[in-house]
Every structure is written in C-alpha cells, then in structure tokens.
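What follows is the content of work.pdb (PDB, C-alpha atoms).
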ATOM      1  CA  MET A   1      -0.938  17.396 -12.580
ATOM      2  CA  SER A   2      -0.541  14.808 -15.283
ATOM      3  CA  VAL A   3       2.811  16.316 -16.273
ATOM      4  CA  GLY A   4       5.535  13.741 -15.722
ATOM      5  CA  VAL A   5       3.105  10.816 -15.874
ATOM      6  CA  THR A   6       3.251   8.129 -18.548
ATOM      7  CA  GLU A   7       0.294   5.784 -18.865
ATOM      8  CA  ASN A   8       0.629   2.222 -20.132
ATOM      9  CA  HIS A   9      -2.348  -0.010 -20.836
ATOM     10  CA  GLY A  10      -1.131  -3.472 -19.911
ATOM     11  CA  VAL A  11      -4.452  -5.350 -20.107
ATOM     12  CA  THR A  12      -7.944  -4.741 -21.342
ATOM     13  CA  GLU A  13     -10.488  -3.335 -18.931
ATOM     14  CA  GLY A  14     -12.503  -6.514 -19.235
ATOM     15  CA  GLY A  15     -10.059  -8.493 -17.083
ATOM     16  CA  THR A  16     -10.963 -10.151 -13.833
ATOM     17  CA  GLY A  17     -11.542  -7.930 -10.832
ATOM     18  CA  GLY A  18      -8.230  -6.672  -9.488
ATOM     19  CA  VAL A  19      -6.882  -6.168  -6.042
ATOM     20  CA  THR A  20      -5.372  -2.911  -4.852
ATOM     21  CA  GLU A  21      -3.588  -1.504  -1.848
ATOM     22  CA  GLY A  22      -5.215  -2.998   1.241
ATOM     23  CA  VAL A  23      -8.248  -3.788  -0.828
ATOM     24  CA  GLY A  24     -11.340  -5.753  -1.548
ATOM     25  CA  GLY A  25     -14.819  -4.745  -0.556
ATOM     26  CA  GLY A  26     -17.468  -2.750  -2.293
ATOM     27  CA  GLY A  27     -16.661  -0.028  -4.752
ATOM     28  CA  ALA A  28     -17.222   3.587  -3.869
ATOM     29  CA  GLU A  29     -20.074   5.216  -5.740
ATOM     30  CA  GLY A  30     -20.002   7.991  -8.302
ATOM     31  CA  VAL A  31     -16.651   9.557  -9.157
ATOM     32  CA  ALA A  32     -14.733   6.679  -7.558
ATOM     33  CA  GLY A  33     -16.227   4.046  -9.845
ATOM     34  CA  ASP A  34     -14.728   0.702  -8.941
ATOM     35  CA  VAL A  35     -12.146   2.014  -6.500
ATOM     36  CA  GLU A  36     -12.561  -0.182  -3.444
ATOM     37  CA  LEU A  37     -13.612   1.302  -0.138
ATOM     38  CA  THR A  38     -10.617  -0.193   1.613
ATOM     39  CA  THR A  39      -8.300   1.797  -0.641
ATOM     40  CA  LEU A  40     -10.138   4.910   0.517
ATOM     41  CA  LEU A  41      -9.896   3.656   4.116
ATOM     42  CA  VAL A  42      -6.102   3.713   3.862
ATOM     43  CA  ALA A  43      -6.249   7.183   2.294
ATOM     44  CA  ALA A  44      -8.409   8.490   5.167
ATOM     45  CA  ALA A  45      -5.955   7.065   7.698
ATOM     46  CA  ARG A  46      -3.077   8.811   5.931
ATOM     47  CA  ALA A  47      -5.033  12.069   5.826
ATOM     48  CA  ILE A  48      -5.650  11.955   9.577
ATOM     49  CA  GLU A  49      -2.013  11.089  10.238
ATOM     50  CA  THR A  50      -0.839  13.997   8.110
ATOM     51  CA  HIS A  51      -2.343  16.461  10.601
ATOM     52  CA  ARG A  52      -0.922  14.843  13.745
ATOM     53  CA  PRO A  53       1.882  16.843  15.383
ATOM     54  CA  ASP A  54       3.885  13.606  15.707
ATOM     55  CA  ALA A  55       2.945  12.233  12.274
ATOM     56  CA  LEU A  56       4.719   9.080  11.191
ATOM     57  CA  ALA A  57       4.083  10.039   7.559
ATOM     58  CA  ARG A  58       2.473  12.955   5.770
ATOM     59  CA  ASP A  59       0.387  12.654   2.621
ATOM     60  CA  HIS A  60      -1.345  15.891   1.650
ATOM     61  CA  TYR A  61      -3.026  14.208  -1.315
ATOM     62  CA  ALA A  62      -4.892  11.604   0.740
ATOM     63  CA  GLU A  63      -7.636  13.995   1.901
ATOM     64  CA  HIS A  64      -8.437  14.929  -1.693
ATOM     65  CA  PHE A  65      -8.982  11.282  -2.647
ATOM     66  CA  VAL A  66     -11.343  10.739   0.284
ATOM     67  CA  ARG A  67     -13.348  13.881  -0.366
ATOM     68  CA  ALA A  68     -13.728  13.034  -4.067
ATOM     69  CA  ALA A  69     -15.475   9.717  -3.337
ATOM     70  CA  PRO A  70     -19.163  10.136  -2.385
ATOM     71  CA  ALA A  71     -19.131   6.956  -0.296
ATOM     72  CA  ALA A  72     -16.356   8.372   1.902
ATOM     73  CA  THR A  73     -17.151  12.083   2.127
ATOM     74  CA  HIS A  74     -18.377  11.718   5.720
ATOM     75  CA  TRP A  75     -15.217   9.961   6.890
ATOM     76  CA  PRO A  76     -12.764  11.881   9.087
ATOM     77  CA  VAL A  77      -9.620  13.349   7.529
ATOM     78  CA  HIS A  78      -8.247  15.242  10.566
ATOM     79  CA  PRO A  79      -7.531  14.247  14.197
ATOM     80  CA  ARG A  80     -10.119  16.757  15.369
ATOM     81  CA  ASP A  81     -12.740  14.582  13.632
ATOM     82  CA  VAL A  82     -11.782  11.632  15.881
ATOM     83  CA  PRO A  83     -12.823  12.636  19.431
ATOM     84  CA  ASP A  84     -11.347   9.511  21.071
ATOM     85  CA  GLY A  85      -7.993   9.936  19.361
ATOM     86  CA  GLU A  86      -5.790   6.856  19.330
ATOM     87  CA  ALA A  87      -8.307   5.059  21.559
ATOM     88  CA  ASP A  88     -10.699   4.955  18.613
ATOM     89  CA  PRO A  89     -10.372   1.377  17.268
ATOM     90  CA  LEU A  90     -10.891   2.368  13.631
ATOM     91  CA  TRP A  91      -9.408   5.809  13.032
ATOM     92  CA  GLY A  92      -7.074   5.638  16.017
ATOM     93  CA  ARG A  93      -5.663   2.120  16.263
ATOM     94  CA  LEU A  94      -6.157   0.841  12.704
ATOM     95  CA  GLY A  95      -5.463   4.266  11.246
ATOM     96  CA  ARG A  96      -2.176   4.521  13.128
ATOM     97  CA  TYR A  97      -1.307   1.012  11.952
ATOM     98  CA  PHE A  98      -1.651   2.146   8.338
ATOM     99  CA  ALA A  99       0.496   5.198   9.108
ATOM    100  CA  LEU A 100       3.171   3.027  10.741
ATOM    101  CA  ARG A 101       3.157   0.700   7.734
ATOM    102  CA  THR A 102       3.446   3.682   5.396
ATOM    103  CA  ARG A 103       6.455   5.050   7.274
ATOM    104  CA  ALA A 104       8.268   1.710   7.479
ATOM    105  CA  PHE A 105       7.861   1.095   3.761
ATOM    106  CA  ASP A 106       8.719   4.717   2.893
ATOM    107  CA  ASP A 107      12.024   4.320   4.718
ATOM    108  CA  GLN A 108      12.738   0.988   3.049
ATOM    109  CA  LEU A 109      12.201   2.413  -0.453
ATOM    110  CA  LEU A 110      14.316   5.486   0.244
ATOM    111  CA  ARG A 111      17.142   3.314   1.613
ATOM    112  CA  ALA A 112      17.074   1.202  -1.547
ATOM    113  CA  VAL A 113      17.303   4.331  -3.699
ATOM    114  CA  GLN A 114      20.145   5.687  -1.582
ATOM    115  CA  LEU A 115      22.011   2.435  -2.277
ATOM    116  CA  GLY A 116      21.622   2.908  -6.011
ATOM    117  CA  ALA A 117      18.250   1.578  -7.175
ATOM    118  CA  ARG A 118      16.667   3.819  -9.797
ATOM    119  CA  GLN A 119      13.529   1.779 -10.451
ATOM    120  CA  VAL A 120      10.739   1.606  -7.878
ATOM    121  CA  VAL A 121       7.692  -0.602  -8.491
ATOM    122  CA  LEU A 122       4.534  -0.212  -6.389
ATOM    123  CA  LEU A 123       2.446  -3.373  -6.830
ATOM    124  CA  GLY A 124      -1.202  -2.569  -6.167
ATOM    125  CA  ALA A 125      -0.404   1.131  -5.851
ATOM    126  CA  GLY A 126      -3.979   2.170  -5.101
ATOM    127  CA  LEU A 127      -4.156   5.815  -4.033
ATOM    128  CA  ASP A 128      -0.512   5.896  -2.995
ATOM    129  CA  ALA A 129       1.114   9.316  -3.544
ATOM    130  CA  ARG A 130       4.748   8.369  -2.969
ATOM    131  CA  ALA A 131       5.673   9.681  -6.428
ATOM    132  CA  TYR A 132       4.700  13.152  -5.186
ATOM    133  CA  ARG A 133       5.415  13.257  -1.477
ATOM    134  CA  LEU A 134       8.837  11.564  -1.193
ATOM    135  CA  ASP A 135      12.145  13.083  -2.245
ATOM    136  CA  TRP A 136      13.338  10.930  -5.158
ATOM    137  CA  PRO A 137      16.510  11.406  -7.210
ATOM    138  CA  GLY A 138      15.823  13.104 -10.515
ATOM    139  CA  ASP A 139      16.822  10.012 -12.507
ATOM    140  CA  CYS A 140      14.469   7.675 -10.604
ATOM    141  CA  THR A 141      11.470   6.045 -12.310
ATOM    142  CA  LEU A 142       8.494   5.015 -10.213
ATOM    143  CA  TYR A 143       6.106   2.454 -11.723
ATOM    144  CA  GLU A 144       2.628   2.251 -10.224
ATOM    145  CA  VAL A 145       0.833  -0.994 -11.119
ATOM    146  CA  ASP A 146      -2.929  -1.242 -10.654
ATOM    147  CA  ARG A 147      -6.238  -1.593 -12.464
ATOM    148  CA  PRO A 148      -7.451   0.930 -15.060
ATOM    149  CA  GLU A 149     -10.428   1.891 -12.858
ATOM    150  CA  VAL A 150      -8.119   2.871 -10.003
ATOM    151  CA  PHE A 151      -6.040   5.136 -12.225
ATOM    152  CA  ALA A 152      -9.140   6.693 -13.790
ATOM    153  CA  PHE A 153     -10.205   7.949 -10.363
ATOM    154  CA  LYS A 154      -6.705   8.755  -9.147
ATOM    155  CA  GLU A 155      -5.706  10.848 -12.150
ATOM    156  CA  ARG A 156      -9.040  12.672 -12.128
ATOM    157  CA  VAL A 157      -8.433  13.778  -8.538
ATOM    158  CA  LEU A 158      -4.796  14.711  -9.120
ATOM    159  CA  ASP A 159      -5.646  16.628 -12.278
ATOM    160  CA  GLY A 160      -8.258  18.595 -10.337
ATOM    161  CA  LEU A 161      -5.659  19.995  -7.956
ATOM    162  CA  GLU A 162      -3.843  23.196  -8.732
ATOM    163  CA  ALA A 163      -0.808  22.287 -10.865
ATOM    164  CA  THR A 164       1.935  24.014  -8.929
ATOM    165  CA  ALA A 165       5.556  22.943  -8.873
ATOM    166  CA  SER A 166       5.013  21.214  -5.535
ATOM    167  CA  ASP A 167       2.142  19.200  -7.001
ATOM    168  CA  ARG A 168       4.291  17.463  -9.595
ATOM    169  CA  PRO A 169       5.917  14.042  -9.184
ATOM    170  CA  THR A 170       9.475  14.195  -7.864
ATOM    171  CA  ALA A 171      10.312  11.090  -9.947
ATOM    172  CA  HIS A 172       9.319  10.047 -13.451
ATOM    173  CA  ARG A 173       5.986   8.369 -12.752
ATOM    174  CA  VAL A 174       4.626   5.599 -14.977
ATOM    175  CA  ALA A 175       1.076   4.319 -14.492
ATOM    176  CA  VAL A 176       0.910   0.660 -15.536
ATOM    177  CA  LYS A 177      -2.694  -0.435 -15.986
ATOM    178  CA  ALA A 178      -2.820  -4.152 -15.260
ATOM    179  CA  ASP A 179      -4.532  -6.846 -13.235
ATOM    180  CA  PHE A 180      -2.495  -9.101 -10.968
ATOM    181  CA  ARG A 181      -4.376 -12.151 -12.191
ATOM    182  CA  THR A 182      -3.238 -11.480 -15.752
ATOM    183  CA  ASP A 183       0.137 -10.647 -17.330
ATOM    184  CA  TRP A 184       1.035  -7.652 -15.198
ATOM    185  CA  ALA A 185       4.752  -8.422 -15.644
ATOM    186  CA  GLY A 186       4.412  -8.109 -19.414
ATOM    187  CA  ALA A 187       2.620  -4.790 -18.980
ATOM    188  CA  LEU A 188       5.404  -3.572 -16.694
ATOM    189  CA  THR A 189       8.216  -4.411 -19.119
ATOM    190  CA  ALA A 190       6.214  -2.923 -21.989
ATOM    191  CA  ALA A 191       6.073   0.309 -19.978
ATOM    192  CA  GLY A 192       9.862   0.569 -20.004
ATOM    193  CA  PHE A 193      10.871  -1.409 -16.916
ATOM    194  CA  HIS A 194      14.403  -2.857 -17.135
ATOM    195  CA  PRO A 195      14.787  -6.298 -15.485
ATOM    196  CA  ASP A 196      18.589  -5.955 -15.597
ATOM    197  CA  HIS A 197      18.565  -2.880 -13.330
ATOM    198  CA  PRO A 198      18.274  -3.030  -9.507
ATOM    199  CA  THR A 199      14.681  -2.423  -8.414
ATOM    200  CA  ALA A 200      12.943  -1.522  -5.156
ATOM    201  CA  TRP A 201       9.663  -3.479  -5.074
ATOM    202  CA  LEU A 202       6.748  -2.826  -2.719
ATOM    203  CA  ALA A 203       3.520  -4.793  -2.209
ATOM    204  CA  GLU A 204       1.726  -2.867   0.536
ATOM    205  CA  GLY A 205      -1.482  -4.598   1.625
ATOM    206  CA  LEU A 206      -1.857  -6.444  -1.673
ATOM    207  CA  LEU A 207      -1.050 -10.032  -0.765
ATOM    208  CA  LEU A 208      -3.629 -10.490   2.002
ATOM    209  CA  HIS A 209      -6.371 -10.590  -0.608
ATOM    210  CA  LEU A 210      -4.776 -12.562  -3.430
ATOM    211  CA  PRO A 211      -5.439 -16.292  -3.815
ATOM    212  CA  GLY A 212      -2.440 -18.404  -2.832
ATOM    213  CA  THR A 213      -1.754 -19.385  -6.438
ATOM    214  CA  ALA A 214      -1.728 -15.762  -7.586
ATOM    215  CA  GLU A 215       0.599 -14.852  -4.708
ATOM    216  CA  ARG A 216       3.075 -17.577  -5.685
ATOM    217  CA  GLU A 217       2.957 -16.473  -9.307
ATOM    218  CA  LEU A 218       3.525 -12.856  -8.300
ATOM    219  CA  PHE A 219       6.645 -13.735  -6.323
ATOM    220  CA  ALA A 220       7.965 -15.905  -9.135
ATOM    221  CA  ALA A 221       7.563 -12.938 -11.493
ATOM    222  CA  VAL A 222       9.251 -10.524  -9.075
ATOM    223  CA  ASP A 223      12.156 -12.948  -8.722
ATOM    224  CA  ARG A 224      12.435 -13.334 -12.486
ATOM    225  CA  LEU A 225      12.412  -9.547 -13.022
ATOM    226  CA  SER A 226      14.881  -8.690 -10.239
ATOM    227  CA  ALA A 227      18.529  -7.942 -10.898
ATOM    228  CA  PRO A 228      21.138  -8.335  -8.129
ATOM    229  CA  ALA A 229      20.824  -5.657  -5.397
ATOM    230  CA  SER A 230      17.042  -5.478  -5.857
ATOM    231  CA  THR A 231      14.897  -5.208  -2.733
ATOM    232  CA  LEU A 232      11.357  -6.293  -1.881
ATOM    233  CA  ALA A 233       9.109  -5.154   0.962
ATOM    234  CA  TYR A 234       5.604  -6.468   1.570
ATOM    235  CA  GLU A 235       2.894  -7.150   4.128
ATOM    236  CA  ALA A 236       1.865 -10.760   4.682
ATOM    237  CA  ARG A 237      -0.237 -12.884   6.961
ATOM    238  CA  LEU A 238       1.706 -16.104   7.431
ATOM    239  CA  ALA A 239      -0.708 -17.827   9.834
ATOM    240  CA  PRO A 240      -4.518 -18.013  10.083
ATOM    241  CA  GLU A 241      -6.294 -15.418  12.194
ATOM    242  CA  ALA A 242      -7.890 -16.735  15.393
ATOM    243  CA  ALA A 243     -11.699 -16.901  15.341
ATOM    244  CA  ALA A 244     -11.943 -14.572  18.354
ATOM    245  CA  VAL A 245     -10.207 -11.838  16.404
ATOM    246  CA  ARG A 246     -13.248 -11.358  14.164
ATOM    247  CA  ASP A 247     -15.026  -9.591  17.031
ATOM    248  CA  HIS A 248     -12.082  -7.367  17.890
ATOM    249  CA  PRO A 249     -13.137  -3.686  18.129
ATOM    250  CA  VAL A 250     -11.011  -2.845  15.077
ATOM    251  CA  HIS A 251     -13.145  -5.139  12.935
ATOM    252  CA  THR A 252     -16.513  -4.329  14.484
ATOM    253  CA  ALA A 253     -15.950  -0.570  14.316
ATOM    254  CA  THR A 254     -14.849  -0.820  10.691
ATOM    255  CA  ARG A 255     -17.933  -2.841   9.755
ATOM    256  CA  GLU A 256     -20.340  -0.533  11.590
ATOM    257  CA  ARG A 257     -18.935   2.772  10.361
ATOM    258  CA  THR A 258     -17.763   2.018   6.839
ATOM    259  CA  GLY A 259     -19.538  -1.199   5.851
ATOM    260  CA  ILE A 260     -16.186  -2.910   5.249
ATOM    261  CA  ASP A 261     -15.920  -6.431   6.670
ATOM    262  CA  LEU A 262     -12.137  -6.759   6.794
ATOM    263  CA  PRO A 263     -11.945 -10.460   7.845
ATOM    264  CA  ALA A 264     -14.293 -11.419   5.013
ATOM    265  CA  LEU A 265     -11.910  -9.853   2.491
ATOM    266  CA  LEU A 266      -9.003 -12.101   3.418
ATOM    267  CA  ASP A 267      -8.481 -14.979   1.037
ATOM    268  CA  ALA A 268      -9.468 -18.194   2.844
ATOM    269  CA  GLU A 269      -6.764 -20.391   1.309
ATOM    270  CA  PRO A 270      -3.706 -21.386   3.375
ATOM    271  CA  ARG A 271      -1.085 -18.711   2.875
ATOM    272  CA  PRO A 272       2.165 -19.542   1.085
ATOM    273  CA  ASP A 273       5.360 -19.283   3.113
ATOM    274  CA  THR A 274       6.757 -16.571   0.875
ATOM    275  CA  PRO A 275       9.775 -15.707   3.074
ATOM    276  CA  ALA A 276      10.906 -19.341   2.831
ATOM    277  CA  ASP A 277      10.274 -19.305  -0.922
ATOM    278  CA  LEU A 278      12.341 -16.151  -1.358
ATOM    279  CA  THR A 279      15.141 -17.635   0.743
ATOM    280  CA  ALA A 280      15.119 -20.734  -1.445
ATOM    281  CA  ARG A 281      15.449 -18.466  -4.483
ATOM    282  CA  GLY A 282      18.561 -16.862  -2.992
ATOM    283  CA  TRP A 283      17.102 -13.737  -1.383
ATOM    284  CA  SER A 284      18.163 -12.589   2.092
ATOM    285  CA  THR A 285      14.880 -12.247   3.986
ATOM    286  CA  THR A 286      13.826 -10.882   7.382
ATOM    287  CA  VAL A 287      10.337 -10.995   8.942
ATOM    288  CA  HIS A 288       9.095  -8.439  11.479
ATOM    289  CA  THR A 289       5.979  -7.729  13.501
ATOM    290  CA  PRO A 290       4.486  -4.230  13.211
ATOM    291  CA  TYR A 291       5.147  -3.699  16.909
ATOM    292  CA  GLU A 292       8.882  -3.798  16.317
ATOM    293  CA  PHE A 293       8.418  -0.595  14.310
ATOM    294  CA  THR A 294       6.229   0.934  17.011
ATOM    295  CA  ARG A 295       9.221   0.548  19.320
ATOM    296  CA  HIS A 296      11.636   1.779  16.653
ATOM    297  CA  TYR A 297       9.727   4.992  15.893
ATOM    298  CA  GLY A 298       8.468   5.517  19.429
ATOM    299  CA  ARG A 299       4.782   5.650  18.442
ATOM    300  CA  GLY A 300       2.134   3.456  16.889
ATOM    301  CA  PRO A 301      -0.157   0.583  17.990
ATOM    302  CA  LEU A 302       0.841  -1.827  20.760
ATOM    303  CA  PRO A 303      -0.277  -5.475  21.185
ATOM    304  CA  GLU A 304      -3.742  -6.214  22.604
ATOM    305  CA  PRO A 305      -5.636  -9.403  23.568
ATOM    306  CA  ASP A 306      -7.238 -11.131  20.547
ATOM    307  CA  ASP A 307      -5.433  -8.557  18.471
ATOM    308  CA  ALA A 308      -6.697  -7.859  14.948
ATOM    309  CA  LEU A 309      -3.193  -6.784  13.921
ATOM    310  CA  ALA A 310      -1.147  -9.547  15.561
ATOM    311  CA  ALA A 311      -1.060 -11.938  12.585
ATOM    312  CA  ASN A 312       0.369  -9.350  10.191
ATOM    313  CA  ARG A 313       4.027  -9.495   9.267
ATOM    314  CA  TRP A 314       6.202  -7.087   7.327
ATOM    315  CA  VAL A 315       8.810  -8.790   5.211
ATOM    316  CA  PHE A 316      11.993  -7.230   3.794
ATOM    317  CA  ALA A 317      14.172  -9.033   1.294
ATOM    318  CA  VAL A 318      17.322  -8.305  -0.680
ATOM    319  CA  ARG A 319      18.605 -10.157  -3.720
ATOM    320  CA  PRO A 320      22.416 -10.357  -3.407
TER
END
Now that the file is in, can you turn its structure into structure tokens?
Amino acid sequence: MSVGVTENHGVTEGGTGGVTEGVGGGGAEGVAGDVELTTLLVAAARAIETHRPDALARDHYAEHFVRAAPAATHWPVHPRDVPDGEADPLWGRLGRYFALRTRAFDDQLLRAVQLGARQVVLLGAGLDARAYRLDWPGDCTLYEVDRPEVFAFKERVLDGLEATASDRPTAHRVAVKADFRTDWAGALTAAGFHPDHPTAWLAEGLLLHLPGTAERELFAAVDRLSAPASTLAYEARLAPEAAAVRDHPVHTATRERTGIDLPALLDAEPRPDTPADLTARGWSTTVHTPYEFTRHYGRGPLPEPDDALAANRWVFAVRP
C-alpha cells in the first residue's frame, strides 16, 4: 500500500500539538496514538455514507480507519447500525453533513484538475483517502500535509490492507509531515511542491480549530505559494455560534456517544474575515452555506432551529 507514497519530514515530532481534518479533542487509544477522535468521527461518517444507496461520496477506506482505532471500534460504519437513519442527530444529520462537505470539495478539486492544475494540497489531510478513491490524471501530485502521528496511524492501516491494484493511489501521493503552527510551507516546498505551478488547495475542517493568528498566517502562506489559476476551498465559521446552539441535539448526541465536545474545540478568538482578505489579495471569492449544496445535490441536511450547522460556510476562491 505504501507504493506510490513519498514521505517528507517537515518538522520534528516535538512540535506543538497539531490540528487535523475536523479535529481537536482527545486522542484515540492504542494503535491510533495521537490521532484525534474527531478525525475518526469524520471517517465513521464517510464509512456510513459509503453504504447508502444514494451516497454523496464513497470512501471504502474509512471503515478500516475506524475499526483500527480501539476508541472507535464500537462506532457505526454502516446505515444498518443507525436505526433512526437521517433522523439520528449524530450519525444521521452530522454524518450526512460531513458527506455533503466531502462531495462538494471532491467536485471542486476535480474541476480544478480538469482545468489544468496538477498539484493538489490537502491541508490537515487527516484520514482523507482522496489520493486513492478519486480519479486523478496520471501526472497529478497530491500532497497531504499533517502531523507525523497522523501519518503513522494512517500508513499503518493502509499498509495492512491487501495491496491490490485498486488499493494504490491514483495520483503520486506525498505525505508531508508538518505542524500548522510551524513552518509547514517550508516542509511542503522541500517535498517537491512548485509554487510557480497552478495548485488546488483544500482546508477541510481545519480552520475552525486554529487560532486566528495561525489562520491568517496560513492564508498568507497559501497566497504566497499560489501561481495564477490556483484554487482554494475551505470550511470557515465567519460569525460566533449562538449560545443556544450548544444544546442542539447534534452537539449533545456527539458528547454523550463519543465523548467529543464539539463546541469546546472551536477556537474562542474572533474569526478573521478570510474571504475579504483573499479578495484584497486579488482572489475571486464566493461564500456558500452548506444548504445550498443540499439543494444542488438533492440530498443532505436542511436548516433547523438553533442549528448547529448554520454558522458554517464553505468558501471557494480562484487566483486569476
């Protein structure tokens, strides 16, 4: 399974604690090491979605990640394990939200590649399996940036699967081991990234947990490393969440069943207006609610009172 994968050690393992895809929260025990439970939460949601007849996205690797982490072995990985279906606030509503987000960002990355980008960078890649499950051009390089502990678990699981042709990356995959509070950009360029080539960037679930200063620095680095025709897609929370939202069933069910307190993981600082910052830097930027994509794809979560998902925005930007 490690065929086609290049590893690059961008920082020492003694760096400050990193943040990964939709992350924060306690680490999973045993084989997962310091992989955060919320990263496994997203993987479980993708596993369940994979088995839906109307799946928004399919990720056949997600179930293996969940089952390899002792802290998550009792979590559902199939719709039959969720008796209330989409009415279940955790594995139904929140799970379908993660699936919708996955599909929207999948489509954005594939569009960028169709328009000529041959570098894809996943910032806070977590347990993302896009290098394997999407159909990339043969000359495309996909850089996954995350902490060494995340890759230690991820590669161990992937290497444990049968190494068939279908289990190999469809793009050249480069694992960049770095922390977003250190020089991740230096680690990326050292791994072979070319700043003068158009790039499709993705920060899926990463920014909600970064301090405001780190978020601003990340966007400044992305801007500096982006050639014309580069694209950027990311999830953001541009306004504070209402106090009543903390007791929304999505949050209470997640706390009770997984021990993850999602509101507590959000950085408390005022959030930067990153779409305005990108616009000022010359990017063409659009901001969307998740529900726009529910309407576009014909399935997914719909708005609710005191909605735990209402403050989230998905941002898409292009550098002319």
Open item on the list: Running the PyMOL selection byres ((chain A and resi 208) around 12) on this model by hand, what would come out? Give it as a VMD selection string.
Closed with: chain A and resid 19 to 24 124 203 to 207 209 to 212 214 to 215 234 to 241 262 to 272 311 to 314
TODO: Pick out the residues sitting within 9 Å of Leu122 in chain A, and hand them over as a PyMOL selection string; count all atoms listed in the file, and ignore anything fewer than 3 positions along from it in its own chain.
DONE: chain A and resi 125-126+128+142-146+200-204
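Going from CA of Tyr61 in chain A to CA of His74 in chain A covers 17.1 Å.
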Open item on the list: When you count all atoms listed in the file, which of these residues is closest to Leu134 in chain A: A:Pro70, A:Gly95, A:Gly160, A:Pro169?
Closed with: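 That would be A:Pro169, the residue with the smallest distance to Leu134 in chain A.
The interatomic distance for the pair CA of Val66 in chain A and CA of Thr182 in chain A works out to 28.6 Å.
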At most 9 Å is the cut-off: for each residue in range 119-170 of chain A with any atom that close to an atom of range 33-53 of chain A, write down the nearest atom pair and the distance in Å rounded to one decimal, counting only C-alpha atoms, chain first then increasing number, as a Markdown table.
| residue | atom | partner | partner_atom | distance |
| --- | --- | --- | --- | --- |
| A:Gly126 | CA | A:Thr39 | CA | 6.2 |
| A:Leu127 | CA | A:Thr39 | CA | 6.7 |
| A:Asp128 | CA | A:Ala43 | CA | 7.9 |
| A:Glu149 | CA | A:Asp34 | CA | 5.9 |
| A:Val150 | CA | A:Val35 | CA | 5.4 |
| A:Phe151 | CA | A:Val35 | CA | 8.9 |
| A:Ala152 | CA | A:Gly33 | CA | 8.5 |
| A:Phe153 | CA | A:Gly33 | CA | 7.2 |
Open item on the list: Could you list, as a PyMOL selection string, every residue within 12 Å of Ala253 in chain A, counting all atoms listed in the file and ignoring same-chain residues fewer than 6 positions away?
Closed with: chain A and resi 87-95+246-247+259-262+308
Task: Best match for closeness to Tyr297 in chain A among A:Arg147, A:His248, A:His78, A:Arg103, counting all atoms listed in the file - done: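 Closest candidate: A:Arg103.
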Hey, can I get the axis-aligned box for range 69-85 of chain A? All listed atoms, 3 Å padding on each side, centre and edge lengths in Å to one decimal, as AutoDock Vina command-line options.
--center_x -13.3 --center_y 11.9 --center_z 8.9 --size_x 17.6 --size_y 15.8 --size_z 30.4
TODO: Kindly indicate which residue among A:Thr258, A:Thr274, A:Gln108, A:Thr289 lies nearest to Ala71 in chain A, using all atoms listed in the file for the distances.
DONE: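 Ranking A:Thr258, A:Thr274, A:Gln108, A:Thr289 by distance to Ala71 in chain A, first place goes to A:Thr258.
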TODO: Spell out the residues picked by the PyMOL selection byres ((chain A and resi 224) around 12) here, as a list in words.
DONE: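 Output of the PyMOL selection byres ((chain A and resi 224) around 12): Ala185, Gly186, Thr189, His194, Pro195, Asp196, Thr199, Glu217, Leu218, Phe219, Ala220, Ala221, Val222, Asp223, Leu225, Ser226, Ala227, Pro228, Ser230, Leu278, Arg281, Gly282 and Arg319 of chain A.
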Export of prior selection with C-alpha atoms as a tab-separated table (two decimals), in the frame of the given file:
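File part.tsv, as written:
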chain	number	residue	atom	x	y	z
A	185	ALA	CA	4.75	-8.42	-15.64
A	186	GLY	CA	4.41	-8.11	-19.41
A	189	THR	CA	8.22	-4.41	-19.12
A	194	HIS	CA	14.40	-2.86	-17.14
A	195	PRO	CA	14.79	-6.30	-15.48
A	196	ASP	CA	18.59	-5.96	-15.60
A	199	THR	CA	14.68	-2.42	-8.41
A	217	GLU	CA	2.96	-16.47	-9.31
A	218	LEU	CA	3.52	-12.86	-8.30
A	219	PHE	CA	6.64	-13.74	-6.32
A	220	ALA	CA	7.96	-15.90	-9.14
A	221	ALA	CA	7.56	-12.94	-11.49
A	222	VAL	CA	9.25	-10.52	-9.07
A	223	ASP	CA	12.16	-12.95	-8.72
A	225	LEU	CA	12.41	-9.55	-13.02
A	226	SER	CA	14.88	-8.69	-10.24
A	227	ALA	CA	18.53	-7.94	-10.90
A	228	PRO	CA	21.14	-8.34	-8.13
A	230	SER	CA	17.04	-5.48	-5.86
A	278	LEU	CA	12.34	-16.15	-1.36
A	281	ARG	CA	15.45	-18.47	-4.48
A	282	GLY	CA	18.56	-16.86	-2.99
A	319	ARG	CA	18.60	-10.16	-3.72
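For the choices A:Arg295, A:Arg58, A:Arg67, A:Arg133, the atom-to-atom distance to Phe98 in chain A is smallest for A:Arg58 when using all atoms listed in the file.
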Open item on the list: For a test of reading the model, state the distance in Å between CA of Arg96 in chain A and CA of Ala72 in chain A, rounded to one decimal.
Closed with: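 Calculated distance between CA of Arg96 in chain A and CA of Ala72 in chain A is 18.5 Å.
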- [ ] Determine the nearest neighbour of Thr285 in chain A from the options A:Leu161, A:Ala57, A:Val318, A:Arg255, counting all atoms listed in the file.
- [x]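 Counting all atoms listed in the file, the residue closest to Thr285 in chain A is A:Val318.
Take the candidates A:Pro76, A:Ala310, A:Leu123, A:Leu158 and check each one against Trp184 in chain A using all atoms listed in the file; the shortest distance goes to A:Leu123.
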TODO: Step by step, work through what the PyMOL selection byres ((chain A and resi 191) around 8) selects in the shown file, and finish by giving those residues as a PyMOL selection string.
DONE: chain A and resi 8+174+176+187-190+192-193
Task: Close residues, Trp136 in chain A itself excluded, 10 Å, all atoms listed in the file, min 5 positions apart in chain, as JSON, numbers by chain - done: {"A": [109, 110, 113, 114, 118, 130, 131, 141, 142, 169, 170, 171, 172]}
